[in-house]
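The structure appears below as structure tokens.
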2 protein chains.
Amino acid sequence: MASMCIKEMRLHPIAIADPPLRSSYGLHAPFALRTIVELVSDGGVTGISETYGGEGPVAALEAMRARVEGMDPFRLAGLWSSMQSEARAEMAEVRGGHTQTYLVPGENPLDRHARTFAAIEIACLDLIGKAIGKPVCEVIGGRVRDRVPFSAYLFYKHGGGGGFDEDAREDEYGEVLDPKAMVRECTQMISRYGFREIKLKGGVLDPDLEIATIRALREAFGPSYPLRIDPNCAWSVDTSVRVGRELREELSGGGYLEDPCASIESMAEVRRRLIAEDNHTPLASNVAVTNHTDVAAAARVDGVQVVLSDPHYWGGLRQVQYLSHLTSVLALGLSMHSNSHLGVSLMAMAHVAAASPNLTYACDTHYPWQSERDEVVSGGKVPIIEGFVSIPDKPGLGVELDRDRLAQGRERYENIPYRKRDDEAEMRRRVDPNWRRILPRW
Amino acid sequence: MASMCIKEMRLHPIAIADPPLRSSYGLHAPFALRTIVELVSDGGVTGISETYGGEGPVAALEAMRARVEGMDPFRLAGLWSSMQSEARAEMAEVRGGHTQTYLVPGENPLDRHARTFAAIEIACLDLIGKAIGKPVCEVIGGRVRDRVPFSAYLFYKHGGGGGFDEDAREDEYGEVLDPKAMVRECTQMISRYGFREIKLKGGVLDPDLEIATIRALREAFGPSYPLRIDPNCAWSVDTSVRVGRELREELSGGGYLEDPCASIESMAEVRRRLIAEDNHTPLASNVAVTNHTDVAAAARVDGVQVVLSDPHYWGGLRQVQYLSHLTSVLALGLSMHSNSHLGVSLMAMAHVAAASPNLTYACDTHYPWQSERDEVVSGGKVPIIEGFVSIPDKPGLGVELDRDRLAQGRERYENIPYRKRDDEAEMRRRVDPNWRRILPRW
């Protein structure tokens, strides 16, 4: 045990069916890209993780092969420190561009090293947990909860269930482009998964229609279901203030307004204007704040009251624990961001949420949008019951890979022409050849 | 392994010889009190830790027995969270008294639960490390350095080497109550341990004599040995500013001025006045800031630029890692506080320092003041070479208990009449029957 080291890193680029979901970034392509990482120890134990897909993330991991193969999976902080130092010069060059505002999560150059490290760290932690017979949440300090709340994550969408032709998935939710259809989508999702908080991905329709959608959800589900809306910076400061004002009642009681507009400064202005109206709706962000320094800066000007963590781009599970601690010290709330993902990612999110004392909101997850057919985890999709994912009484993340499913995912990846997520291009291809992402749009 | 639990907690109150060291709190008694904790797992592995001594700490640990015996040593965050919640009401009552200012470390009611938890956590981490065959620094995330720098810790002292009568220790350093004797003390200590940074415990003599002492040290050792002085709040704001001004040159280049006066507000005023003179000497504290919330408050007003961690009262190794992260985010320096201690504590301090990326100063340690005869660690005192403690290639903290030495420590404890550290009473007993701690004294 004392001499355990990583013998081999295996990378599996895969594609998974994804429904035509809309956001201010554009449109989800028929297949989302993911990468499954396996780290095999000299003792024959395998740790796994799941991260962003396509050529960029695979190349970044490939570039780490010489350092990962041979390393002690326990010595993570040293790797993190050296990757951070190396990234610092590179980051200084791209700083100032607010790149997360314009690029989908997973494409922000500011946190590229953090994403690469996270994929390695999570697989190391799974490997350690499996080697010592302990769940990952105990490896990183111990659980503070046995099950982790997730939120319904509602999207406006076109008809279609993801994939295409003979590889098309059933369209469970149909077209959802108005308030009434969204209430139907939410009803279906809650009846199936039991979620107790609701997030609406906005920034798609006219703000008045999105306000109407939130009101329809409140009317249908009542105030015991906290509501949050996230237009991904699609609004101006004025529009953000107007929506905050109109939805003051609906977003109170455990809800929030997420990234209504871009930048800490703009968020702070929205906050000041809402507070002046005695409107204390919290502003949440995963765009204006994507690293710990941003969090302190945002707190100083009260631009953000809720931070969205995400082990995939914050640098892994321990960095999310640090974020949980930091937000607690700064009296900020903590929630969790999600991307299209499978069960390996879901379990990593669940384990770190279980081991993070300050977690004040149910975590986001796209998981209901993925099909059983695409799941690479043995035994099929991880259950979400009453809106919670339970920490299993198993070592590591608690899931194993299904080799056939993994091979199918790789085959799907080989068969599609794109190697990078591009929601804007997809929007032009499928919906409107002249579509461009405009910030603010309204 | 998956079912490992703690079967038994053993507490060993001990006394160790301590020289008559002076500080603004008063005088060290002939024996310092410590407690050695053993946690024995159902698999027969034993984890150890060392903490504050006397009746209070032992009673606080005893009160935890029912929760510790039977617990999974991996589930630390849950225990920390519940102890924090329980302490919150109690803390609200004592808040506002700035109790750390008036009480020696180890007696501050604000962090009593953190001290008790730390003793349990460190023994659990040693137990885990020993069970899985990994050093503690790897258990908590991985080392970022293989050896940890410590600082020479100079004290004004009366003659005597600690203990008394037949149990008296050799007086290695003699009486040290003026600048010249302090240079001799420092020369002896550096020649023996190779320290590369120097801390002077001040607040004992007239500030002009302490200024002269620092100047004599600078003259003797030159600018390659950073200098810090810590009068433990003995000075007024005016005196603090004056000393800061006079020692501007000597405390620059890696030194600092630690707790010159009490409270974040007073420190902030000292800072403003020194900055106005273009004097950027960092102000350090382990009195004005004793928890994470204090750190954020101190940073907001620029009252403290260097925080002193200490796993013993900050809540254990992981809380010190959180502090290292927090100080990094807030652009503060991090150093480490010490109390009279043996090798178990030294190794806990070394392991967490090895696993904390942001550690900008050599750690304090009283270790040179303790006698070989009192060490409870097998093989005798842990070596400090060239000012560094190396992380050994052994599981857990890397040290085991010497049962005979432990029994001698317990016997010493039984034979002395006091059960609590009281430097003020000791000062009255040995030096001046009318002595009182006055803050500020100058």
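Labels for the structure tokens follow display order: chains A, B, ..., residues from 1 in each chain, ligands from 1.
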Chain A contacts to chain B at 9 Å (only C-alpha atoms) as a ChimeraX atom specification: /A:1-3,73-79,81,132-135,137-145,292-293,295-296,300,318,321-322,325-326,328-330,355-357,394-395
Just C-alpha atoms for this one: save the residues we selected as a PDB file, in the first residue's frame.
```pdb
ATOM      1  CA  MET A   1       0.000   0.000   0.000  1.00  0.00           C
ATOM      2  CA  ALA A   2       2.731   2.433   0.961  1.00  0.00           C
ATOM      3  CA  SER A   3       4.261   2.111  -2.479  1.00  0.00           C
ATOM      4  CA  PRO A  73      -2.284   9.058  -6.170  1.00  0.00           C
ATOM      5  CA  PHE A  74      -2.152  10.514  -2.627  1.00  0.00           C
ATOM      6  CA  ARG A  75       0.196  13.329  -3.648  1.00  0.00           C
ATOM      7  CA  LEU A  76      -2.418  15.545  -5.214  1.00  0.00           C
ATOM      8  CA  ALA A  77      -1.678  18.925  -3.629  1.00  0.00           C
ATOM      9  CA  GLY A  78       1.827  18.955  -5.088  1.00  0.00           C
ATOM     10  CA  LEU A  79       0.482  18.314  -8.578  1.00  0.00           C
ATOM     11  CA  SER A  81       0.410  23.534  -6.948  1.00  0.00           C
ATOM     12  CA  ILE A 132      -8.673   1.307   1.222  1.00  0.00           C
ATOM     13  CA  GLY A 133     -12.346   0.313   1.091  1.00  0.00           C
ATOM     14  CA  LYS A 134     -13.822   3.731   1.862  1.00  0.00           C
ATOM     15  CA  PRO A 135     -16.310   5.982   0.030  1.00  0.00           C
ATOM     16  CA  CYS A 137     -16.561  11.419   0.815  1.00  0.00           C
ATOM     17  CA  GLU A 138     -14.757   9.790   3.755  1.00  0.00           C
ATOM     18  CA  VAL A 139     -11.395   9.922   1.954  1.00  0.00           C
ATOM     19  CA  ILE A 140     -11.691  13.715   1.688  1.00  0.00           C
ATOM     20  CA  GLY A 141     -12.641  14.354   5.303  1.00  0.00           C
ATOM     21  CA  GLY A 142     -15.944  12.671   6.013  1.00  0.00           C
ATOM     22  CA  ARG A 143     -19.562  13.173   5.068  1.00  0.00           C
ATOM     23  CA  VAL A 144     -21.785  15.756   6.721  1.00  0.00           C
ATOM     24  CA  ARG A 145     -24.877  14.315   4.977  1.00  0.00           C
ATOM     25  CA  HIS A 292     -11.483  31.646  -5.429  1.00  0.00           C
ATOM     26  CA  THR A 293     -10.032  35.102  -6.037  1.00  0.00           C
ATOM     27  CA  VAL A 295     -15.265  34.990  -4.952  1.00  0.00           C
ATOM     28  CA  ALA A 296     -13.428  37.342  -2.595  1.00  0.00           C
ATOM     29  CA  ARG A 300     -16.214  42.785  -1.443  1.00  0.00           C
ATOM     30  CA  ARG A 318     -10.905  19.287  -2.458  1.00  0.00           C
ATOM     31  CA  GLN A 321     -14.421  21.829  -0.189  1.00  0.00           C
ATOM     32  CA  TYR A 322     -12.172  24.885  -0.013  1.00  0.00           C
ATOM     33  CA  HIS A 325     -15.277  26.848   3.452  1.00  0.00           C
ATOM     34  CA  LEU A 326     -14.511  30.167   1.752  1.00  0.00           C
ATOM     35  CA  SER A 328     -19.042  30.037   4.635  1.00  0.00           C
ATOM     36  CA  VAL A 329     -16.414  32.471   5.966  1.00  0.00           C
ATOM     37  CA  LEU A 330     -17.613  35.201   3.595  1.00  0.00           C
ATOM     38  CA  ALA A 355     -18.417  16.304   2.405  1.00  0.00           C
ATOM     39  CA  SER A 356     -19.028  20.083   2.156  1.00  0.00           C
ATOM     40  CA  PRO A 357     -20.663  21.575   5.269  1.00  0.00           C
ATOM     41  CA  LYS A 394     -19.337   1.150  -1.460  1.00  0.00           C
ATOM     42  CA  PRO A 395     -15.685   2.119  -1.822  1.00  0.00           C
TER      43      PRO A 395
END
```
Would you give me, as a tab-separated table, each residue of segment 144-238 of chain A having an atom within 9 Å of an atom of segment 5-20 of chain A, along with its shortest atom pair and that distance in Å to one decimal, using only C-alpha atoms and sorting by chain and residue number?
```
residue	atom	partner	partner_atom	distance
A:Tyr156	CA	A:Pro20	CA	8.8
A:Lys157	CA	A:Pro20	CA	5.7
A:His158	CA	A:Pro20	CA	5.6
A:Gly159	CA	A:Pro20	CA	7.2
A:Gly160	CA	A:Pro19	CA	6.1
A:Gly161	CA	A:Pro19	CA	4.6
A:Gly162	CA	A:Pro19	CA	3.7
A:Gly163	CA	A:Ala17	CA	4.6
A:Phe164	CA	A:Ala17	CA	8.3
A:Asp167	CA	A:Ala17	CA	8.3
A:Ala168	CA	A:Ala17	CA	7.6
A:Arg169	CA	A:Ala17	CA	7.1
A:Asp171	CA	A:Pro19	CA	7.8
```
Output file for the selection above: N, CA and C atoms, as a PDB file, in the first residue's frame:
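Generated file (part10.pdb):
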```pdb
ATOM      1  N   TYR A 156     -35.943  25.219 -21.886  1.00  0.00           N
ATOM      2  CA  TYR A 156     -36.726  25.357 -23.117  1.00  0.00           C
ATOM      3  C   TYR A 156     -36.061  24.453 -24.134  1.00  0.00           C
ATOM      4  N   LYS A 157     -36.857  23.774 -24.926  1.00  0.00           N
ATOM      5  CA  LYS A 157     -36.257  22.860 -25.881  1.00  0.00           C
ATOM      6  C   LYS A 157     -37.112  22.721 -27.131  1.00  0.00           C
ATOM      7  N   HIS A 158     -36.447  22.294 -28.184  1.00  0.00           N
ATOM      8  CA  HIS A 158     -37.168  21.933 -29.397  1.00  0.00           C
ATOM      9  C   HIS A 158     -37.583  20.481 -29.273  1.00  0.00           C
ATOM     10  N   GLY A 159     -38.419  20.030 -30.220  1.00  0.00           N
ATOM     11  CA  GLY A 159     -38.822  18.626 -30.196  1.00  0.00           C
ATOM     12  C   GLY A 159     -37.612  17.738 -30.476  1.00  0.00           C
ATOM     13  N   GLY A 160     -37.597  16.562 -29.896  1.00  0.00           N
ATOM     14  CA  GLY A 160     -36.483  15.639 -30.121  1.00  0.00           C
ATOM     15  C   GLY A 160     -35.859  15.220 -28.804  1.00  0.00           C
ATOM     16  N   GLY A 161     -35.415  13.973 -28.757  1.00  0.00           N
ATOM     17  CA  GLY A 161     -34.880  13.432 -27.491  1.00  0.00           C
ATOM     18  C   GLY A 161     -33.382  13.289 -27.488  1.00  0.00           C
ATOM     19  N   GLY A 162     -32.707  13.766 -28.516  1.00  0.00           N
ATOM     20  CA  GLY A 162     -31.250  13.608 -28.557  1.00  0.00           C
ATOM     21  C   GLY A 162     -30.846  12.503 -29.506  1.00  0.00           C
ATOM     22  N   GLY A 163     -29.605  12.577 -29.993  1.00  0.00           N
ATOM     23  CA  GLY A 163     -29.138  11.634 -31.013  1.00  0.00           C
ATOM     24  C   GLY A 163     -29.875  11.908 -32.324  1.00  0.00           C
ATOM     25  N   PHE A 164     -29.653  11.030 -33.323  1.00  0.00           N
ATOM     26  CA  PHE A 164     -30.470  11.166 -34.525  1.00  0.00           C
ATOM     27  C   PHE A 164     -30.490   9.885 -35.349  1.00  0.00           C
ATOM     28  N   ASP A 167     -29.965   6.206 -34.251  1.00  0.00           N
ATOM     29  CA  ASP A 167     -29.444   6.359 -32.889  1.00  0.00           C
ATOM     30  C   ASP A 167     -30.187   7.468 -32.133  1.00  0.00           C
ATOM     31  N   ALA A 168     -31.438   7.741 -32.506  1.00  0.00           N
ATOM     32  CA  ALA A 168     -32.220   8.788 -31.836  1.00  0.00           C
ATOM     33  C   ALA A 168     -32.836   8.231 -30.551  1.00  0.00           C
ATOM     34  N   ARG A 169     -32.939   9.113 -29.544  1.00  0.00           N
ATOM     35  CA  ARG A 169     -33.567   8.728 -28.286  1.00  0.00           C
ATOM     36  C   ARG A 169     -35.028   9.189 -28.258  1.00  0.00           C
ATOM     37  N   ASP A 171     -38.251  11.105 -27.231  1.00  0.00           N
ATOM     38  CA  ASP A 171     -38.420  12.484 -26.776  1.00  0.00           C
ATOM     39  C   ASP A 171     -39.427  12.513 -25.628  1.00  0.00           C
TER      40      ASP A 171
END
```
Long-range neighbours of segment 44-59 of chain A as a short mmCIF file (atom, residue, chain, number, x, y, z; two decimals) with N, CA, C and O atoms, in the first residue's frame, 9 Å cut-off, only C-alpha atoms, 4 positions minimum in chain:
```
data_model
loop_
_atom_site.label_atom_id
_atom_site.label_comp_id
_atom_site.auth_asym_id
_atom_site.auth_seq_id
_atom_site.Cartn_x
_atom_site.Cartn_y
_atom_site.Cartn_z
N LYS A 7 0.00 3.20 -12.59
CA LYS A 7 0.76 2.51 -13.63
C LYS A 7 0.33 2.99 -15.01
O LYS A 7 1.13 3.11 -15.92
N LEU A 11 -7.73 6.94 -21.40
CA LEU A 11 -8.69 8.00 -21.72
C LEU A 11 -9.71 7.47 -22.72
O LEU A 11 -9.33 6.88 -23.74
N HIS A 12 -10.98 7.67 -22.43
CA HIS A 12 -12.05 7.19 -23.31
C HIS A 12 -12.92 8.36 -23.72
O HIS A 12 -13.82 8.75 -22.97
N PRO A 13 -12.65 8.92 -24.89
CA PRO A 13 -13.57 9.97 -25.38
C PRO A 13 -14.87 9.32 -25.83
O PRO A 13 -14.85 8.34 -26.58
N ILE A 14 -15.98 9.85 -25.33
CA ILE A 14 -17.28 9.26 -25.70
C ILE A 14 -18.25 10.37 -26.11
O ILE A 14 -18.03 11.55 -25.85
N ALA A 15 -19.31 9.94 -26.80
CA ALA A 15 -20.42 10.84 -27.13
C ALA A 15 -21.70 10.25 -26.56
O ALA A 15 -21.87 9.02 -26.56
N ALA A 32 -23.62 15.04 -26.89
CA ALA A 32 -22.68 15.77 -26.05
C ALA A 32 -21.40 14.93 -25.93
O ALA A 32 -21.44 13.71 -26.05
N LEU A 33 -20.28 15.62 -25.72
CA LEU A 33 -18.99 14.94 -25.63
C LEU A 33 -18.55 14.84 -24.16
O LEU A 33 -18.66 15.81 -23.41
N ARG A 34 -18.07 13.70 -23.77
CA ARG A 34 -17.50 13.50 -22.43
C ARG A 34 -16.24 12.67 -22.55
O ARG A 34 -15.99 12.04 -23.60
N THR A 35 -15.44 12.66 -21.50
CA THR A 35 -14.26 11.82 -21.45
C THR A 35 -14.29 11.02 -20.15
O THR A 35 -14.51 11.61 -19.09
N ILE A 36 -14.10 9.73 -20.27
CA ILE A 36 -13.97 8.88 -19.09
C ILE A 36 -12.48 8.61 -18.88
O ILE A 36 -11.78 8.24 -19.83
N VAL A 37 -12.02 8.84 -17.67
CA VAL A 37 -10.61 8.64 -17.32
C VAL A 37 -10.51 7.41 -16.41
O VAL A 37 -11.29 7.28 -15.47
N GLU A 38 -9.55 6.54 -16.73
CA GLU A 38 -9.25 5.44 -15.83
C GLU A 38 -7.79 5.55 -15.41
O GLU A 38 -6.91 5.73 -16.25
N LEU A 39 -7.54 5.43 -14.10
CA LEU A 39 -6.17 5.37 -13.60
C LEU A 39 -6.00 4.00 -12.93
O LEU A 39 -6.73 3.68 -11.99
N VAL A 40 -5.05 3.23 -13.44
CA VAL A 40 -4.84 1.87 -12.92
C VAL A 40 -3.58 1.87 -12.06
O VAL A 40 -2.52 2.33 -12.49
N ALA A 63 -1.33 15.37 -22.35
CA ALA A 63 -0.10 16.10 -22.04
C ALA A 63 0.39 15.85 -20.61
O ALA A 63 1.54 16.10 -20.28
N MET A 64 -0.49 15.34 -19.78
CA MET A 64 -0.13 15.06 -18.38
C MET A 64 0.31 13.62 -18.18
O MET A 64 0.71 13.25 -17.06
N PRO A 105 -19.08 26.50 -20.39
CA PRO A 105 -18.22 25.87 -19.38
C PRO A 105 -17.46 24.70 -20.00
O PRO A 105 -18.02 23.93 -20.78
N GLY A 106 -16.22 24.60 -19.70
CA GLY A 106 -15.39 23.56 -20.32
C GLY A 106 -14.49 24.14 -21.40
O GLY A 106 -13.55 23.49 -21.85
N GLU A 107 -14.76 25.39 -21.81
CA GLU A 107 -13.96 26.02 -22.85
C GLU A 107 -13.25 27.27 -22.35
O GLU A 107 -12.56 27.95 -23.10
N ARG A 112 -8.54 25.95 -17.50
CA ARG A 112 -8.17 24.73 -18.21
C ARG A 112 -7.35 23.79 -17.33
O ARG A 112 -7.62 22.60 -17.25
N ARG A 115 -9.54 22.13 -14.79
CA ARG A 115 -10.36 21.04 -15.34
C ARG A 115 -9.51 19.78 -15.53
O ARG A 115 -9.95 18.66 -15.21
N THR A 116 -8.31 19.96 -16.04
CA THR A 116 -7.43 18.80 -16.27
C THR A 116 -7.06 18.15 -14.94
O THR A 116 -7.13 16.93 -14.78
N ALA A 118 -8.71 18.30 -12.15
CA ALA A 118 -9.90 17.70 -11.52
C ALA A 118 -10.13 16.28 -12.02
O ALA A 118 -10.44 15.38 -11.24
N ALA A 119 -9.96 16.08 -13.32
CA ALA A 119 -10.19 14.74 -13.88
C ALA A 119 -9.20 13.73 -13.29
O ALA A 119 -9.55 12.57 -13.03
N ILE A 120 -7.98 14.20 -13.07
CA ILE A 120 -6.96 13.32 -12.48
C ILE A 120 -7.25 13.11 -10.99
O ILE A 120 -7.23 11.98 -10.49
N GLU A 121 -7.55 14.19 -10.29
CA GLU A 121 -7.79 14.12 -8.84
C GLU A 121 -8.95 13.19 -8.52
O GLU A 121 -8.86 12.35 -7.62
N ILE A 122 -10.06 13.36 -9.24
CA ILE A 122 -11.25 12.55 -8.92
C ILE A 122 -10.96 11.07 -9.15
O ILE A 122 -11.34 10.22 -8.34
N ALA A 123 -10.25 10.75 -10.22
CA ALA A 123 -9.89 9.34 -10.46
C ALA A 123 -8.93 8.83 -9.38
O ALA A 123 -9.03 7.68 -8.95
N CYS A 124 -8.02 9.69 -8.92
CA CYS A 124 -7.10 9.29 -7.82
C CYS A 124 -7.90 9.03 -6.55
O CYS A 124 -7.62 8.06 -5.82
N LEU A 125 -8.87 9.89 -6.25
CA LEU A 125 -9.65 9.71 -5.03
C LEU A 125 -10.50 8.45 -5.09
O LEU A 125 -10.68 7.75 -4.10
N ASP A 126 -11.03 8.17 -6.29
CA ASP A 126 -11.79 6.91 -6.47
C ASP A 126 -10.85 5.72 -6.28
O ASP A 126 -11.21 4.74 -5.61
N LEU A 127 -9.66 5.84 -6.84
CA LEU A 127 -8.65 4.78 -6.70
C LEU A 127 -8.28 4.57 -5.22
O LEU A 127 -8.26 3.43 -4.73
N ILE A 128 -8.05 5.65 -4.51
CA ILE A 128 -7.71 5.54 -3.08
C ILE A 128 -8.86 4.90 -2.32
O ILE A 128 -8.67 3.97 -1.53
N GLY A 129 -10.07 5.39 -2.58
CA GLY A 129 -11.24 4.85 -1.88
C GLY A 129 -11.39 3.35 -2.13
O GLY A 129 -11.66 2.58 -1.20
N LYS A 130 -11.17 2.96 -3.38
CA LYS A 130 -11.29 1.52 -3.69
C LYS A 130 -10.15 0.73 -3.06
O LYS A 130 -10.35 -0.39 -2.60
N ALA A 131 -8.96 1.32 -3.01
CA ALA A 131 -7.82 0.61 -2.42
C ALA A 131 -7.98 0.42 -0.92
O ALA A 131 -7.58 -0.59 -0.36
N HIS A 312 -15.73 19.81 -11.61
CA HIS A 312 -15.11 19.64 -12.92
C HIS A 312 -14.26 20.82 -13.35
O HIS A 312 -13.30 20.64 -14.07
N ASN A 339 -23.03 20.37 -16.01
CA ASN A 339 -23.00 20.23 -17.47
C ASN A 339 -23.66 18.90 -17.82
O ASN A 339 -23.81 18.06 -16.95
N HIS A 341 -23.93 15.30 -18.31
CA HIS A 341 -23.00 14.34 -17.72
C HIS A 341 -23.67 13.00 -17.44
O HIS A 341 -24.90 12.91 -17.43
N LEU A 342 -22.83 12.01 -17.16
CA LEU A 342 -23.31 10.67 -16.82
C LEU A 342 -23.13 10.41 -15.33
O LEU A 342 -22.86 11.33 -14.56
N GLY A 343 -23.23 9.14 -14.96
CA GLY A 343 -23.26 8.78 -13.55
C GLY A 343 -21.96 8.93 -12.80
O GLY A 343 -21.96 9.09 -11.58
N VAL A 344 -20.82 8.85 -13.51
CA VAL A 344 -19.54 9.01 -12.81
C VAL A 344 -19.44 10.44 -12.28
O VAL A 344 -19.10 10.67 -11.11
N SER A 345 -19.77 11.40 -13.14
CA SER A 345 -19.78 12.80 -12.70
C SER A 345 -20.81 13.02 -11.59
O SER A 345 -20.53 13.72 -10.61
N ALA A 348 -19.35 11.95 -8.37
CA ALA A 348 -18.31 12.87 -7.88
C ALA A 348 -18.96 14.11 -7.26
O ALA A 348 -18.55 14.58 -6.19
N GLY A 396 -14.81 4.10 -2.89
CA GLY A 396 -14.61 5.07 -3.98
C GLY A 396 -15.88 5.84 -4.27
O GLY A 396 -16.65 6.16 -3.38
N LEU A 397 -16.06 6.16 -5.56
CA LEU A 397 -17.28 6.87 -5.96
C LEU A 397 -18.51 5.98 -5.84
O LEU A 397 -19.64 6.46 -5.84
N VAL A 399 -19.30 3.55 -8.06
CA VAL A 399 -19.76 3.07 -9.37
C VAL A 399 -18.60 2.44 -10.15
O VAL A 399 -17.44 2.80 -9.95
N GLU A 400 -18.95 1.52 -11.04
CA GLU A 400 -17.97 0.84 -11.90
C GLU A 400 -18.37 1.09 -13.35
O GLU A 400 -19.51 1.43 -13.64
N LEU A 401 -17.42 0.88 -14.26
CA LEU A 401 -17.72 1.07 -15.68
C LEU A 401 -18.31 -0.18 -16.30
O LEU A 401 -17.85 -1.29 -16.03
N TYR A 413 -18.68 8.45 -30.53
CA TYR A 413 -17.73 9.57 -30.65
C TYR A 413 -17.02 9.50 -31.99
O TYR A 413 -16.87 10.51 -32.70
N TYR A 418 -17.88 16.31 -35.04
CA TYR A 418 -17.35 17.43 -34.26
C TYR A 418 -16.59 16.94 -33.04
O TYR A 418 -16.81 15.85 -32.54
N ARG A 419 -15.65 17.77 -32.59
CA ARG A 419 -14.75 17.43 -31.49
C ARG A 419 -14.75 18.50 -30.41
O ARG A 419 -13.85 18.57 -29.59
N LYS A 420 -15.77 19.34 -30.46
CA LYS A 420 -15.81 20.47 -29.55
C LYS A 420 -17.27 20.90 -29.41
O LYS A 420 -18.01 20.87 -30.39
N ARG A 421 -17.65 21.29 -28.21
CA ARG A 421 -19.01 21.79 -28.02
C ARG A 421 -19.11 23.18 -28.64
O ARG A 421 -18.27 24.05 -28.38
#
```
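The list of residues with at least one atom within 10 Å of Cys233 of chain B, based on only C-alpha atoms and without residues fewer than 5 positions apart in the same chain, reads Ser24, Tyr25, Thr101, Tyr102, Gly202, Gly203, Ser240, Glu258, Asp259, Pro260, Cys261, Ala262, Ser263, Met267, Ser285, Val287, Ala288, Ile438, Leu439, Pro440, Arg441 and Trp442 of chain B.
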Write the residues of the selection above to a file with N, CA and C atoms, as a tab-separated table (two decimals), in the first residue's frame.
```tsv
chain	number	residue	atom	x	y	z
B	24	SER	N	4.57	38.49	28.04
B	24	SER	CA	3.67	39.47	28.66
B	24	SER	C	2.60	38.78	29.49
B	25	TYR	N	2.43	37.46	29.30
B	25	TYR	CA	1.49	36.71	30.14
B	25	TYR	C	2.06	36.47	31.53
B	101	THR	N	-6.87	37.69	24.18
B	101	THR	CA	-5.94	38.74	24.59
B	101	THR	C	-5.50	38.55	26.04
B	102	TYR	N	-6.43	38.08	26.84
B	102	TYR	CA	-6.15	38.03	28.27
B	102	TYR	C	-5.80	36.63	28.77
B	202	GLY	N	8.66	39.20	22.86
B	202	GLY	CA	8.86	40.47	23.53
B	202	GLY	C	7.78	40.73	24.57
B	203	GLY	N	7.56	42.01	24.86
B	203	GLY	CA	6.55	42.37	25.85
B	203	GLY	C	7.02	42.13	27.28
B	240	SER	N	3.34	50.78	19.69
B	240	SER	CA	3.44	49.86	18.55
B	240	SER	C	3.97	50.59	17.32
B	258	GLU	N	4.43	41.09	15.43
B	258	GLU	CA	3.29	40.23	15.79
B	258	GLU	C	2.56	40.75	17.02
B	259	ASP	N	1.24	40.90	16.89
B	259	ASP	CA	0.39	41.30	18.02
B	259	ASP	C	1.03	42.38	18.88
B	260	PRO	N	1.42	43.50	18.30
B	260	PRO	CA	2.01	44.56	19.14
B	260	PRO	C	0.98	45.07	20.14
B	261	CYS	N	-0.30	45.14	19.72
B	261	CYS	CA	-1.35	45.61	20.62
B	261	CYS	C	-2.59	44.75	20.39
B	262	ALA	N	-3.55	44.90	21.26
B	262	ALA	CA	-4.73	44.03	21.21
B	262	ALA	C	-5.78	44.54	20.22
B	263	SER	N	-6.54	43.65	19.63
B	263	SER	CA	-7.73	43.91	18.79
B	263	SER	C	-7.39	44.25	17.34
B	267	MET	N	-4.79	47.13	15.70
B	267	MET	CA	-3.79	46.71	14.71
B	267	MET	C	-3.98	47.50	13.42
B	285	SER	N	-0.70	38.11	13.58
B	285	SER	CA	-1.51	37.92	14.79
B	285	SER	C	-1.94	36.48	15.02
B	287	VAL	N	-3.72	36.55	18.14
B	287	VAL	CA	-4.56	36.99	19.27
B	287	VAL	C	-5.81	37.69	18.74
B	288	ALA	N	-5.60	38.65	17.85
B	288	ALA	CA	-6.75	39.36	17.29
B	288	ALA	C	-7.55	38.45	16.35
B	438	ILE	N	-0.76	43.76	32.71
B	438	ILE	CA	-1.40	45.04	32.37
B	438	ILE	C	-1.29	45.21	30.86
B	439	LEU	N	-2.42	45.45	30.23
B	439	LEU	CA	-2.41	45.66	28.77
B	439	LEU	C	-3.07	46.98	28.44
B	440	PRO	N	-2.43	47.87	27.75
B	440	PRO	CA	-1.02	47.80	27.40
B	440	PRO	C	-0.15	48.19	28.61
B	441	ARG	N	1.00	47.57	28.69
B	441	ARG	CA	1.92	47.92	29.78
B	441	ARG	C	2.75	49.15	29.42
B	442	TRP	N	3.08	49.25	28.15
B	442	TRP	CA	3.87	50.41	27.70
B	442	TRP	C	3.14	51.18	26.60
```
Distance of atom CA of Cys186 of chain A from atom CA of Ala220 of chain A, expressed in Å to one decimal place: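 Rounded to one decimal, the two atoms are 9.4 Å apart.
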Atomic separation - atom CA of Val289 of chain B relative to atom CA of Ser266 of chain B, Å: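 That distance, rounded to one decimal, is 12.5 Å.
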Residue neighbourhood Val176 of chain A, 10 Å, only C-alpha atoms, exclusion window fewer than 2 positions, as a count of residues only: 18
Strand (DSSP E or B) positions in segment 235-406 of chain A, given as an MDAnalysis selection string: chainID A and resid 256:258 283:285 306:309 333:336 363 377 385 388:390 396 401
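Note that the spacing between atom CA of Pro149 of chain B and atom CA of Pro383 of chain B amounts to 12.3 Å.
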